[in-house]
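Raw data-v7.cif, mmCIF, C-alpha atoms:
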data_start
#
loop_
_atom_site.label_atom_id
_atom_site.label_comp_id
_atom_site.auth_asym_id
_atom_site.auth_seq_id
_atom_site.Cartn_x
_atom_site.Cartn_y
_atom_site.Cartn_z
CA MET A 5 7.73 190.00 125.37
CA ALA A 6 7.98 187.73 128.37
CA ASN A 7 11.74 188.01 128.47
CA VAL A 8 11.55 191.68 129.32
CA ASN A 9 10.16 190.77 132.73
CA LEU A 10 13.48 189.21 133.62
CA PHE A 11 15.05 192.62 134.07
CA ARG A 12 12.06 194.94 134.35
CA SER A 13 12.03 197.27 137.34
CA THR A 14 9.65 195.90 139.99
CA ALA A 15 8.33 196.83 143.40
CA VAL A 16 10.55 194.15 144.95
CA ALA A 17 12.38 195.40 148.03
CA ALA A 18 15.12 197.52 146.49
CA GLY A 19 17.23 197.68 149.61
CA ALA A 20 17.16 193.93 150.07
CA LEU A 21 18.13 193.41 146.46
CA ALA A 22 21.02 195.86 146.78
CA ALA A 23 22.15 193.99 149.85
CA ALA A 24 21.90 190.71 147.96
CA LEU A 25 24.19 192.00 145.27
CA ILE A 26 26.70 193.19 147.84
CA LEU A 27 26.55 189.99 149.77
CA SER A 28 27.06 187.85 146.70
CA THR A 29 30.79 188.53 147.01
CA PRO A 30 32.94 187.29 149.90
CA ALA A 31 34.25 190.80 150.55
CA GLY A 32 30.73 192.19 150.76
CA ALA A 33 29.63 189.46 153.12
CA GLN A 34 32.62 190.14 155.33
CA ALA A 35 31.37 193.65 155.99
CA LEU A 36 28.46 192.14 157.89
CA SER A 37 30.08 188.98 159.18
CA ASN A 38 32.33 191.22 161.25
CA ARG A 39 29.20 191.89 163.30
CA GLY A 40 30.21 189.29 165.86
CA ASN A 41 33.86 190.29 166.00
CA ALA A 42 33.91 194.07 165.78
CA GLN A 43 34.41 195.86 169.06
CA ILE A 44 32.01 198.74 168.44
CA ALA A 45 30.71 200.63 171.44
CA ASP A 46 26.92 200.35 171.27
CA SER A 47 26.37 204.00 172.11
CA VAL A 48 23.51 206.19 170.90
CA VAL A 49 24.32 208.45 167.94
CA ALA A 50 20.82 209.83 167.36
CA VAL A 51 17.51 210.11 169.16
CA VAL A 52 14.55 210.00 166.76
CA ASN A 53 11.26 210.83 168.48
CA ASP A 54 10.89 207.96 170.96
CA GLY A 55 13.53 205.75 169.33
CA VAL A 56 17.32 205.69 168.98
CA ILE A 57 19.98 204.79 166.43
CA THR A 58 23.09 203.15 167.84
CA ARG A 59 26.67 203.41 166.69
CA ARG A 60 26.68 199.68 165.88
CA GLU A 61 23.78 200.18 163.46
CA LEU A 62 25.50 203.18 161.89
CA GLU A 63 28.84 201.39 161.46
CA GLU A 64 27.19 198.36 159.86
CA ARG A 65 25.12 200.41 157.41
CA SER A 66 28.12 202.60 156.50
CA ALA A 67 30.28 199.54 155.80
CA LEU A 68 27.63 198.11 153.49
CA ILE A 69 27.24 201.32 151.52
CA ALA A 70 30.99 201.86 151.24
CA LYS A 71 31.38 198.35 149.84
CA ARG A 72 28.54 198.93 147.39
CA LEU A 73 30.17 202.14 146.10
CA GLN A 74 33.48 200.33 145.66
CA GLN A 75 31.80 197.57 143.64
CA GLN A 76 30.27 200.20 141.36
CA ASN A 77 33.67 201.89 140.95
CA ALA A 78 32.08 205.02 142.42
CA PRO A 79 34.03 207.38 144.67
CA VAL A 80 33.68 206.62 148.38
CA PRO A 81 33.41 209.76 150.54
CA PRO A 82 35.74 210.17 153.53
CA ALA A 83 34.59 208.04 156.47
CA ASP A 84 33.24 210.93 158.53
CA GLN A 85 31.34 212.41 155.59
CA LEU A 86 29.92 209.01 154.63
CA GLN A 87 28.73 208.38 158.18
CA ARG A 88 27.03 211.77 158.32
CA GLN A 89 25.18 211.05 155.09
CA VAL A 90 24.26 207.53 156.17
CA LEU A 91 23.05 208.75 159.55
CA ASP A 92 20.79 211.31 157.88
CA GLN A 93 19.35 208.53 155.71
CA MET A 94 18.82 206.31 158.73
CA VAL A 95 17.07 209.11 160.62
CA LEU A 96 14.67 209.68 157.73
CA GLU A 97 14.08 205.94 157.43
CA ARG A 98 13.39 205.64 161.16
CA ILE A 99 10.91 208.54 161.06
CA GLN A 100 9.04 206.85 158.21
CA LEU A 101 8.95 203.52 160.02
CA GLN A 102 7.50 205.25 163.07
CA LYS A 103 4.88 206.88 160.86
CA ALA A 104 4.08 203.51 159.30
CA LYS A 105 3.50 202.08 162.78
CA GLU A 106 1.15 204.95 163.59
CA ASP A 107 -0.74 204.25 160.36
CA GLY A 108 -1.10 200.58 161.27
CA ILE A 109 1.00 199.39 158.34
CA ASN A 110 2.29 195.89 158.99
CA ILE A 111 4.07 193.64 156.51
CA ASP A 112 3.45 190.04 157.51
CA ASP A 113 5.88 187.15 157.13
CA ALA A 114 3.95 185.70 154.18
CA THR A 115 4.42 188.91 152.18
CA VAL A 116 8.12 189.04 152.99
CA ASN A 117 8.54 185.38 152.00
CA ARG A 118 6.77 185.96 148.68
CA THR A 119 9.07 188.89 147.97
CA LEU A 120 12.20 186.90 148.79
CA THR A 121 10.95 184.00 146.69
CA ARG A 122 10.67 186.34 143.69
CA LEU A 123 14.14 187.66 144.50
CA ALA A 124 15.52 184.11 144.54
CA GLN A 125 13.83 183.32 141.23
CA GLN A 126 15.37 186.42 139.64
CA ASN A 127 18.75 185.02 140.71
CA GLN A 128 17.76 181.64 139.24
CA MET A 129 17.67 179.87 142.62
CA THR A 130 15.12 178.26 144.85
CA LEU A 131 14.42 180.09 148.08
CA GLU A 132 16.20 177.38 150.05
CA VAL A 133 19.35 177.65 147.93
CA TYR A 134 19.18 181.42 148.07
CA ARG A 135 18.90 181.37 151.86
CA SER A 136 21.81 178.96 152.15
CA ARG A 137 23.92 181.22 149.93
CA ILE A 138 23.20 184.27 152.10
CA GLU A 139 23.75 182.46 155.41
CA ALA A 140 26.95 180.81 154.13
CA GLN A 141 28.37 184.30 153.72
CA GLY A 142 27.76 185.14 157.36
CA VAL A 143 24.50 187.08 157.02
CA PRO A 144 21.68 185.89 159.31
CA TRP A 145 18.52 185.21 157.34
CA ALA A 146 16.56 187.15 159.96
CA THR A 147 18.63 190.25 159.16
CA PHE A 148 18.01 189.85 155.44
CA MET A 149 14.26 189.42 156.05
CA ARG A 150 14.24 192.51 158.28
CA ASP A 151 15.76 194.64 155.53
CA ALA A 152 13.23 193.35 153.01
CA ARG A 153 10.39 194.05 155.45
CA THR A 154 11.65 197.62 155.92
CA GLU A 155 11.69 198.31 152.18
CA LEU A 156 8.21 196.88 151.73
CA THR A 157 6.93 198.94 154.66
CA LEU A 158 8.33 202.18 153.27
CA SER A 159 6.88 201.41 149.85
CA LYS A 160 3.44 200.79 151.31
CA LEU A 161 3.68 203.94 153.44
CA ARG A 162 4.49 206.05 150.39
CA GLU A 163 1.56 204.53 148.51
CA LYS A 164 -0.81 205.34 151.39
CA GLU A 165 0.46 208.82 152.26
CA VAL A 166 1.50 210.16 148.87
CA ASP A 167 0.94 208.19 145.68
CA SER A 168 -2.71 207.35 146.37
CA LYS A 169 -3.46 211.04 146.87
CA VAL A 170 -1.96 212.23 143.60
CA THR A 171 -4.62 212.97 141.03
CA VAL A 172 -4.32 213.98 137.40
CA SER A 173 -7.23 215.91 135.96
CA ASP A 174 -8.53 215.63 132.42
CA GLY A 175 -7.55 219.26 131.98
CA GLU A 176 -3.92 218.49 132.86
CA VAL A 177 -3.92 215.64 130.37
CA ALA A 178 -5.40 217.89 127.69
CA ASN A 179 -2.75 220.55 128.35
CA TYR A 180 0.00 217.94 128.13
CA ILE A 181 -1.29 216.67 124.79
CA ALA A 182 -1.66 220.27 123.61
CA SER A 183 1.95 220.97 124.52
CA GLN A 184 2.93 218.11 122.22
CA ARG A 185 0.49 219.12 119.47
CA GLY A 186 0.43 222.92 119.91
CA PRO A 187 0.38 225.39 117.02
CA GLY A 188 4.17 225.66 117.06
CA ALA A 189 4.79 221.95 117.34
CA ARG A 190 5.35 221.53 113.60
CA ASN A 191 8.13 224.11 113.68
CA THR A 192 9.81 223.21 116.98
CA SER A 193 13.44 222.18 116.95
CA ASP A 194 14.95 219.06 118.43
CA LEU A 195 17.80 219.90 120.79
CA ARG A 196 21.17 218.20 121.11
CA LEU A 197 22.55 218.78 124.58
CA GLN A 198 25.51 217.92 126.76
CA HIS A 199 25.25 218.05 130.53
CA ILE A 200 27.28 217.58 133.69
CA MET A 201 25.31 216.16 136.61
CA PHE A 202 26.14 216.74 140.27
CA LYS A 203 23.88 214.53 142.34
CA VAL A 204 22.29 215.62 145.61
CA ALA A 205 20.01 213.38 147.66
CA GLN A 206 16.55 214.86 148.21
CA ASP A 207 17.01 214.63 151.97
CA ALA A 208 20.62 215.89 151.98
CA PRO A 209 21.47 218.43 154.71
CA GLU A 210 21.96 222.03 153.64
CA SER A 211 25.71 221.83 154.22
CA ASP A 212 26.04 218.96 151.72
CA VAL A 213 23.84 220.77 149.19
CA ASN A 214 26.01 223.88 149.48
CA ALA A 215 29.19 221.84 149.06
CA VAL A 216 27.89 220.19 145.88
CA GLN A 217 26.69 223.54 144.54
CA SER A 218 30.10 225.08 145.10
CA LYS A 219 31.76 222.28 143.14
CA ALA A 220 29.19 222.63 140.36
CA ASP A 221 29.72 226.40 140.24
CA ALA A 222 33.47 225.88 139.82
CA VAL A 223 32.93 223.49 136.90
CA LEU A 224 30.36 225.85 135.35
CA LYS A 225 32.96 228.64 135.46
CA GLN A 226 35.45 226.39 133.64
CA ALA A 227 32.86 225.55 130.98
CA LEU A 228 31.97 229.22 130.47
CA ASN A 229 35.69 230.00 130.12
CA GLY A 230 35.89 227.61 127.17
CA ASP A 231 37.32 224.46 128.76
CA ASP A 232 36.58 221.21 126.89
CA PHE A 233 33.00 220.40 127.95
CA ALA A 234 33.26 216.70 127.14
CA LYS A 235 36.38 216.38 129.29
CA LEU A 236 34.72 218.28 132.14
CA ALA A 237 31.78 215.88 131.92
CA LYS A 238 34.00 212.80 131.91
CA ASP A 239 35.93 214.11 134.93
CA ASN A 240 33.02 215.41 137.00
CA SER A 241 29.59 214.21 135.91
CA GLN A 242 27.86 211.62 138.08
CA ASP A 243 25.43 210.51 135.39
CA THR A 244 25.84 207.31 133.38
CA ASP A 245 26.57 209.25 130.18
CA ALA A 246 29.71 210.85 131.66
CA SER A 247 31.98 208.57 129.62
CA LYS A 248 30.35 209.96 126.47
CA GLY A 249 31.09 213.53 127.47
CA GLY A 250 27.58 214.01 128.85
CA ASP A 251 26.11 213.86 125.34
CA LEU A 252 22.32 213.38 125.49
CA GLY A 253 21.92 213.27 121.71
CA PHE A 254 18.98 214.94 119.99
CA ARG A 255 15.83 215.19 122.09
CA THR A 256 12.42 216.69 121.40
CA PRO A 257 11.52 219.57 123.73
CA GLY A 258 8.56 217.55 125.01
CA SER A 259 10.87 214.77 126.22
CA LEU A 260 12.98 217.16 128.31
CA PRO A 261 12.20 218.76 131.68
CA PRO A 262 10.72 222.25 131.13
CA GLY A 263 13.58 223.83 133.12
CA ILE A 264 16.18 222.53 130.67
CA VAL A 265 14.19 223.71 127.65
CA SER A 266 13.91 227.17 129.21
CA ALA A 267 17.60 227.25 130.11
CA VAL A 268 18.72 226.78 126.49
CA ALA A 269 15.89 228.71 124.79
CA THR A 270 18.04 231.79 124.07
CA LEU A 271 21.36 230.00 123.55
CA ARG A 272 23.18 229.61 120.27
CA PRO A 273 24.70 226.20 119.41
CA GLY A 274 27.98 225.79 121.27
CA GLN A 275 26.97 228.00 124.20
CA VAL A 276 26.76 226.94 127.84
CA ALA A 277 23.81 228.01 130.01
CA PRO A 278 25.22 230.80 132.23
CA THR A 279 23.64 229.52 135.46
CA LEU A 280 23.34 226.16 137.16
CA LEU A 281 20.10 224.28 136.69
CA ARG A 282 18.62 222.93 139.93
CA THR A 283 16.77 219.67 139.32
CA SER A 284 15.18 217.05 141.55
CA GLY A 285 18.41 215.04 141.26
CA GLY A 286 20.88 217.81 142.06
CA PHE A 287 22.63 220.45 139.91
CA GLU A 288 23.33 220.39 136.18
CA VAL A 289 25.58 222.34 133.83
CA ILE A 290 23.94 222.44 130.38
CA LYS A 291 25.40 223.08 126.94
CA LEU A 292 23.43 223.45 123.72
CA VAL A 293 25.33 221.54 121.03
CA ASP A 294 22.94 221.93 118.09
CA ARG A 295 19.37 222.38 116.92
CA ARG A 296 17.63 220.67 114.02
CA ALA A 297 14.18 220.66 112.51
CA SER A 298 11.89 218.47 114.55
CA GLN A 299 11.69 214.90 113.30
CA GLY A 300 8.10 214.68 114.47
CA THR A 301 4.96 216.55 113.40
CA ALA A 302 1.97 217.94 115.18
CA ALA A 303 -0.11 215.09 113.80
CA ASP A 304 1.92 212.26 115.25
CA ALA A 305 2.94 213.43 118.76
CA PRO A 306 3.24 211.87 121.21
CA LYS A 307 4.74 208.66 119.85
CA LEU A 308 6.19 205.54 121.36
CA VAL A 309 9.78 205.01 120.26
CA GLN A 310 10.45 201.30 120.47
CA THR A 311 13.88 199.69 120.38
CA HIS A 312 14.75 196.23 119.09
CA VAL A 313 17.48 195.08 121.45
CA ARG A 314 19.36 192.02 122.59
CA HIS A 315 21.70 191.49 125.49
CA ILE A 316 24.01 189.14 127.35
CA LEU A 317 23.59 189.05 131.13
CA LEU A 318 26.26 187.85 133.55
CA ARG A 319 25.13 187.65 137.16
CA VAL A 320 27.58 188.44 139.94
CA SER A 321 27.92 185.52 142.36
CA ASP A 322 30.49 183.41 144.16
CA GLY A 323 31.76 182.07 140.85
CA MET A 324 31.80 185.43 139.06
CA SER A 325 33.22 188.58 140.64
CA GLU A 326 32.38 192.11 139.55
CA GLN A 327 35.73 192.47 137.81
CA ALA A 328 35.52 189.08 136.14
CA ALA A 329 32.01 189.76 134.81
CA ARG A 330 33.04 193.11 133.34
CA GLN A 331 36.19 191.69 131.78
CA LYS A 332 34.34 188.73 130.27
CA LEU A 333 31.82 191.04 128.61
CA LEU A 334 34.58 193.34 127.36
CA ASP A 335 36.27 190.31 125.79
CA ILE A 336 32.98 189.28 124.15
CA LYS A 337 32.46 192.82 122.86
CA GLN A 338 35.85 192.83 121.16
CA GLN A 339 35.08 189.50 119.52
CA VAL A 340 31.70 190.78 118.32
CA LEU A 341 33.32 193.92 116.89
CA SER A 342 35.80 191.65 115.12
CA GLY A 343 32.98 189.77 113.41
CA GLY A 344 31.78 187.36 116.08
CA ASP A 345 28.10 186.41 116.31
CA PHE A 346 26.43 188.21 119.22
CA ALA A 347 23.58 185.69 119.26
CA ASN A 348 25.95 182.73 119.63
CA PHE A 349 27.74 184.41 122.53
CA ALA A 350 24.37 185.07 124.17
CA ARG A 351 23.32 181.43 123.83
CA THR A 352 26.63 180.30 125.33
CA TYR A 353 27.15 182.76 128.16
CA SER A 354 24.00 184.74 128.98
CA GLN A 355 22.29 183.94 132.28
CA ASP A 356 18.99 185.49 131.23
CA GLY A 357 15.92 183.65 129.99
CA SER A 358 16.46 185.25 126.59
CA ALA A 359 19.68 183.25 126.05
CA SER A 360 17.93 180.58 123.97
CA GLN A 361 16.77 183.34 121.58
CA GLY A 362 20.29 184.68 121.21
CA GLY A 363 19.59 187.33 123.83
CA ASP A 364 16.82 188.88 121.70
CA LEU A 365 14.32 190.83 123.80
CA GLY A 366 12.17 191.95 120.88
CA TRP A 367 10.77 195.46 120.64
CA ILE A 368 11.04 197.38 123.92
CA SER A 369 8.88 200.39 124.77
CA PRO A 370 9.97 203.19 127.15
CA GLY A 371 9.74 202.20 130.80
CA GLU A 372 9.86 198.45 130.23
CA THR A 373 13.43 198.00 131.44
CA VAL A 374 15.38 199.05 134.51
CA PRO A 375 16.73 202.64 134.21
CA GLU A 376 20.41 201.71 133.82
CA PHE A 377 19.61 199.37 130.94
CA GLU A 378 17.29 201.86 129.25
CA ARG A 379 19.75 204.76 129.47
CA ALA A 380 22.53 202.67 127.94
CA MET A 381 20.19 201.32 125.25
CA ASN A 382 18.97 204.80 124.33
CA SER A 383 22.53 206.09 123.94
CA LEU A 384 23.48 203.45 121.34
CA GLN A 385 23.34 203.85 117.57
CA ASP A 386 21.76 201.01 115.59
CA ASN A 387 23.95 197.85 115.61
CA ALA A 388 26.30 199.39 118.20
CA VAL A 389 27.39 197.36 121.24
CA SER A 390 27.62 198.89 124.70
CA ASP A 391 30.33 198.57 127.29
CA PRO A 392 29.30 196.40 130.29
CA VAL A 393 26.31 198.01 132.03
CA ARG A 394 25.63 197.32 135.73
CA SER A 395 22.05 196.88 136.87
CA GLU A 396 20.52 195.24 139.90
CA TYR A 397 20.61 191.92 138.03
CA GLY A 398 24.28 191.89 137.09
CA TYR A 399 26.25 193.11 134.05
CA HIS A 400 24.70 193.46 130.59
CA LEU A 401 26.27 193.70 127.14
CA ILE A 402 23.65 195.43 124.99
CA GLN A 403 23.23 195.64 121.21
CA VAL A 404 20.57 197.76 119.50
CA LEU A 405 19.23 196.17 116.32
CA GLY A 406 16.87 198.94 115.26
CA ARG A 407 14.27 201.51 116.28
CA ARG A 408 10.77 202.36 115.16
CA GLU A 409 8.09 204.86 116.02
CA ALA A 410 4.82 203.22 116.92
CA GLU A 411 1.93 205.62 117.21
CA GLY A 412 -0.36 204.63 120.03
CA SER A 413 -4.12 204.77 119.91
CA ALA A 414 -5.88 207.80 121.35
CA THR A 415 -6.34 205.86 124.59
CA GLN A 416 -2.67 204.95 124.73
CA GLN A 417 -1.65 208.56 124.17
CA LEU A 418 -3.90 209.68 127.01
CA ASP A 419 -2.40 206.99 129.23
CA ILE A 420 1.14 208.12 128.34
CA ALA A 421 0.26 211.69 129.24
CA ARG A 422 -1.49 210.74 132.47
CA GLN A 423 1.41 208.53 133.60
CA ALA A 424 4.01 211.19 132.79
CA ILE A 425 2.11 213.88 134.71
CA GLY A 426 1.33 211.55 137.60
CA GLN A 427 4.92 210.44 138.01
CA ARG A 428 6.17 214.03 138.01
CA LYS A 429 3.56 215.12 140.56
CA ALA A 430 4.14 212.06 142.75
CA GLU A 431 7.90 212.65 142.95
CA GLN A 432 7.41 216.28 143.94
CA ALA A 433 4.68 215.35 146.45
CA TYR A 434 6.89 212.67 148.00
CA SER A 435 9.81 215.08 148.34
CA ASP A 436 7.55 217.66 150.02
CA TRP A 437 6.01 215.04 152.31
CA LEU A 438 9.41 213.77 153.44
CA ARG A 439 10.53 217.31 154.21
CA GLU A 440 7.40 218.00 156.28
CA LEU A 441 7.74 214.69 158.11
CA ARG A 442 11.36 215.45 158.96
CA ASP A 443 10.55 219.00 160.11
CA THR A 444 7.90 217.79 162.55
CA ALA A 445 10.07 215.06 164.10
CA TYR A 446 12.22 215.39 167.20
CA VAL A 447 15.79 214.51 166.23
CA GLN A 448 18.86 214.92 168.42
CA TYR A 449 22.32 213.92 167.17
CA LYS A 450 24.92 212.84 169.70
CA GLY A 451 28.70 212.42 169.78
CA VAL A 452 31.01 212.82 166.78
CA ALA A 453 28.16 212.26 164.35
CA ALA A 454 26.35 215.39 165.54
CA GLN A 455 24.77 217.44 162.78
CA PRO A 456 24.05 221.17 162.64
CA GLN A 457 20.44 221.85 163.50
#
Using structure tokens, write down the structure from this file.
Amino acid sequence: MANVNLFRSTAVAAGALAAALILSTPAGAQALSNRGNAQIADSVVAVVNDGVITRRELEERSALIAKRLQQQNAPVPPADQLQRQVLDQMVLERIQLQKAKEDGINIDDATVNRTLTRLAQQNQMTLEVYRSRIEAQGVPWATFMRDARTELTLSKLREKEVDSKVTVSDGEVANYIASQRGPGARNTSDLRLQHIMFKVAQDAPESDVNAVQSKADAVLKQALNGDDFAKLAKDNSQDTDASKGGDLGFRTPGSLPPGIVSAVATLRPGQVAPTLLRTSGGFEVIKLVDRRASQGTAADAPKLVQTHVRHILLRVSDGMSEQAARQKLLDIKQQVLSGGDFANFARTYSQDGSASQGGDLGWISPGETVPEFERAMNSLQDNAVSDPVRSEYGYHLIQVLGRREAEGSATQQLDIARQAIGQRKAEQAYSDWLRELRDTAYVQYKGVAAQPQ
């Protein structure tokens, strides 16, 4: 399945890639090209240990993020709120970079160049063409390389300080398998849920957390009072399934976070969990829609659910704006629904390597695609076609051709369990490590961007 690699999530510098997507439009490039013209007082807005963050840096980062949110049709916070959030992110980034320096972590030019070469290849360009494209939009190549170096440094720091120290014991793996194959597994019920997600960054200040919680509490009250849950989800949820009323479909208990399973354990179908659920991503309002007899058995869990899928990818560049890409895919979708051949459209328009195969990516296993693609794919019924889906590579039109359950070998099942446990433990360990690192740092905010201590 070589084609899957064309949109698989990688360790490539995420921040640099996000910047590339922003800068691929003239408006996005303008946010940084103003660097030479803007009259921004280069005052200090934060002292971080023995370093500082200047207002110029804050203004530039805030402009980039605001533009990115606009391109994603996401709400842009008021300027002062956005700057506070961005400054907190920059402080945490600066603390990590200082820690990386203490640890002797250094990303050399050759590593950065290899990363940017892969980035160029993913955009179907040579590195020279890619560099010319970035510089033509007013972004110095040195700035772009600096951002890539930062992302690579933070990734290597996390690997050294957190991920490499996470261990998963054989006993934990055995317990995980037992939870899938336990005595009650044959009689467990699959759960159909709806949810409303209110996102909170892991490093968000307490004031922001409280504000989000207050909003979530208000929506929870509406849901408990009988307001239309699907409408509440469409109006308020920040997850990608908001347009579908927050419907998660039927899930096995083992595929859901334990907190969600516990929250709905005593509910009857149609009831809303009476309290907010705090998750690693923020706050969630949960509704139990229905239960059904489990589609699996104790003898076949855990299983790999594979999806046969094809797609059309339009990359966002000078010749294709965000709006134009979305509209083109919407037009193609209507033609497909009217009887048009998806494969022919893919061969004609798709900018992915799978175009010659009619966009066919074959059978995809969980985790083999970027999250946005996988979530959209998982929400589709067989033969259904998605709306345009934005990922780091551009806009996708996705069609599911079928699904199958492929039981892995004993070794594969152990690997699935170990990876699931390890990922969960690593995320929690990273969150705890960041909090400790922030607590031990000296941080002083200055001027209008001052934060409560």
Each residue of stretch 320-366 of chain A lying at most 12 Å from stretch 114-128 of chain A should get a row with its shortest atom-to-atom pair and the distance in Å to one decimal, counting all atoms listed in the file; could you produce that, ordered by chain and increasing number, as a Markdown table?
| residue | atom | partner | partner_atom | distance |
| --- | --- | --- | --- | --- |
| A:Val320 | CA | A:Asn127 | CA | 9.5 |
| A:Ser321 | CA | A:Asn127 | CA | 9.3 |
| A:Gln355 | CA | A:Gln128 | CA | 8.6 |
| A:Asp356 | CA | A:Gln128 | CA | 9.0 |
| A:Gly357 | CA | A:Gln128 | CA | 9.6 |
Go ahead and write the residues just picked, C-alpha atoms, as a PDB file, in the coordinates of the input.
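Result went into result.pdb, see below:
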ATOM      1  CA  VAL A 320      27.580 188.440 139.940  1.00  0.00           C
ATOM      2  CA  SER A 321      27.920 185.520 142.360  1.00  0.00           C
ATOM      3  CA  GLN A 355      22.290 183.940 132.280  1.00  0.00           C
ATOM      4  CA  ASP A 356      18.990 185.490 131.230  1.00  0.00           C
ATOM      5  CA  GLY A 357      15.920 183.650 129.990  1.00  0.00           C
TER       6      GLY A 357
END
Exercise. Check what the PyMOL selection byres ((chain A and resi 376) around 10) selects in the file above and give those residues as JSON, numbers by chain.
Key: {"A": [244, 373, 374, 375, 377, 378, 379, 380, 381, 393, 394, 395, 396, 400]}
Quiz prompt | Resolved residues for the PyMOL selection byres ((chain A and resi 277-293) around 6) as a PyMOL selection string | solution = chain A and resi 196-204+273-276+294
How close does each residue of stretch 125-235 of chain A get to stretch 98-109 of chain A, giving the shortest atom pair and distance in Å to one decimal for every residue with an atom at most 10 Å away, counting only C-alpha atoms, sorted by chain and residue number, as JSON lines?
{"residue": "A:Thr154", "atom": "CA", "partner": "A:Leu101", "partner_atom": "CA", "distance": 7.7}
{"residue": "A:Glu155", "atom": "CA", "partner": "A:Leu101", "partner_atom": "CA", "distance": 9.8}
{"residue": "A:Thr157", "atom": "CA", "partner": "A:Ile109", "partner_atom": "CA", "distance": 7.0}
{"residue": "A:Leu158", "atom": "CA", "partner": "A:Gln100", "partner_atom": "CA", "distance": 6.8}
{"residue": "A:Lys160", "atom": "CA", "partner": "A:Ile109", "partner_atom": "CA", "distance": 7.6}
{"residue": "A:Leu161", "atom": "CA", "partner": "A:Ala104", "partner_atom": "CA", "distance": 5.9}
{"residue": "A:Arg162", "atom": "CA", "partner": "A:Gln100", "partner_atom": "CA", "distance": 9.1}
{"residue": "A:Lys164", "atom": "CA", "partner": "A:Asp107", "partner_atom": "CA", "distance": 9.0}
{"residue": "A:Glu165", "atom": "CA", "partner": "A:Asp107", "partner_atom": "CA", "distance": 9.4}
Self-check item: Neighbours of point (0.7, 208.1, 146.3) within 10 Å, using all atoms listed in the file, written as a ChimeraX atom specification
Solution: /A:159-171,426-427,429-431,433-434
Since we have the selection now, will you write its residues out, keeping C-alpha atoms, as a JSON list (two decimals), in the frame of the given file?
[["chain", "number", "residue", "atom", "x", "y", "z"],
["A", 159, "SER", "CA", 6.88, 201.41, 149.85],
["A", 160, "LYS", "CA", 3.44, 200.79, 151.31],
["A", 161, "LEU", "CA", 3.68, 203.94, 153.44],
["A", 162, "ARG", "CA", 4.49, 206.05, 150.39],
["A", 163, "GLU", "CA", 1.56, 204.53, 148.51],
["A", 164, "LYS", "CA", -0.81, 205.34, 151.39],
["A", 165, "GLU", "CA", 0.46, 208.82, 152.26],
["A", 166, "VAL", "CA", 1.50, 210.16, 148.87],
["A", 167, "ASP", "CA", 0.94, 208.19, 145.68],
["A", 168, "SER", "CA", -2.71, 207.35, 146.37],
["A", 169, "LYS", "CA", -3.46, 211.04, 146.87],
["A", 170, "VAL", "CA", -1.96, 212.23, 143.60],
["A", 171, "THR", "CA", -4.62, 212.97, 141.03],
["A", 426, "GLY", "CA", 1.33, 211.55, 137.60],
["A", 427, "GLN", "CA", 4.92, 210.44, 138.01],
["A", 429, "LYS", "CA", 3.56, 215.12, 140.56],
["A", 430, "ALA", "CA", 4.14, 212.06, 142.75],
["A", 431, "GLU", "CA", 7.90, 212.65, 142.95],
["A", 433, "ALA", "CA", 4.68, 215.35, 146.45],
["A", 434, "TYR", "CA", 6.89, 212.67, 148.00]]
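Of the listed residues A:Ala146, A:Ala445, A:Ala67, A:Leu236, the one whose atoms come nearest to A:Asp113 is A:Ala146, with distances taken using all atoms listed in the file.
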Practice problem: Record the distance separating atom CA of A:Asp194 and atom CA of A:Ile264, expressed in Å with one decimal. | Solution: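 Distance reported for this atom pair: 12.8 Å.
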Quiz prompt | Minimum-distance residue to A:Ile368, chosen among A:Gln226, A:Gln310, A:Ser241, A:Gln423 (using all atoms listed in the file) | solution = A:Gln310
Exercise. Quote the spacing between atom CA of A:Thr147 and atom CA of A:Gln93 in Å to one decimal place.
Key: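 Value for the atom CA of A:Thr147-atom CA of A:Gln93 distance: 18.6 Å.
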Quiz prompt | Atom-to-atom span, atom CA of A:Glu372 and atom CA of A:Ala421, Å | solution =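 Answer for the atom CA of A:Glu372 to atom CA of A:Ala421 separation: 16.4 Å.
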Exercise. I would like the residues chosen by the PyMOL selection byres ((chain A and resi 406) around 6) on the shown file; could you give them as a PyMOL selection string?
Key: chain A and resi 311-312+386+404-405+407
Quiz item: Which residue out of A:Ala388, A:Met324, A:Leu252, A:Leu317 has the minimum interatomic distance to A:Leu341 when all atoms listed in the file are used?
Solution: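 Residue with the minimum atom-to-atom distance to A:Leu341: A:Ala388.
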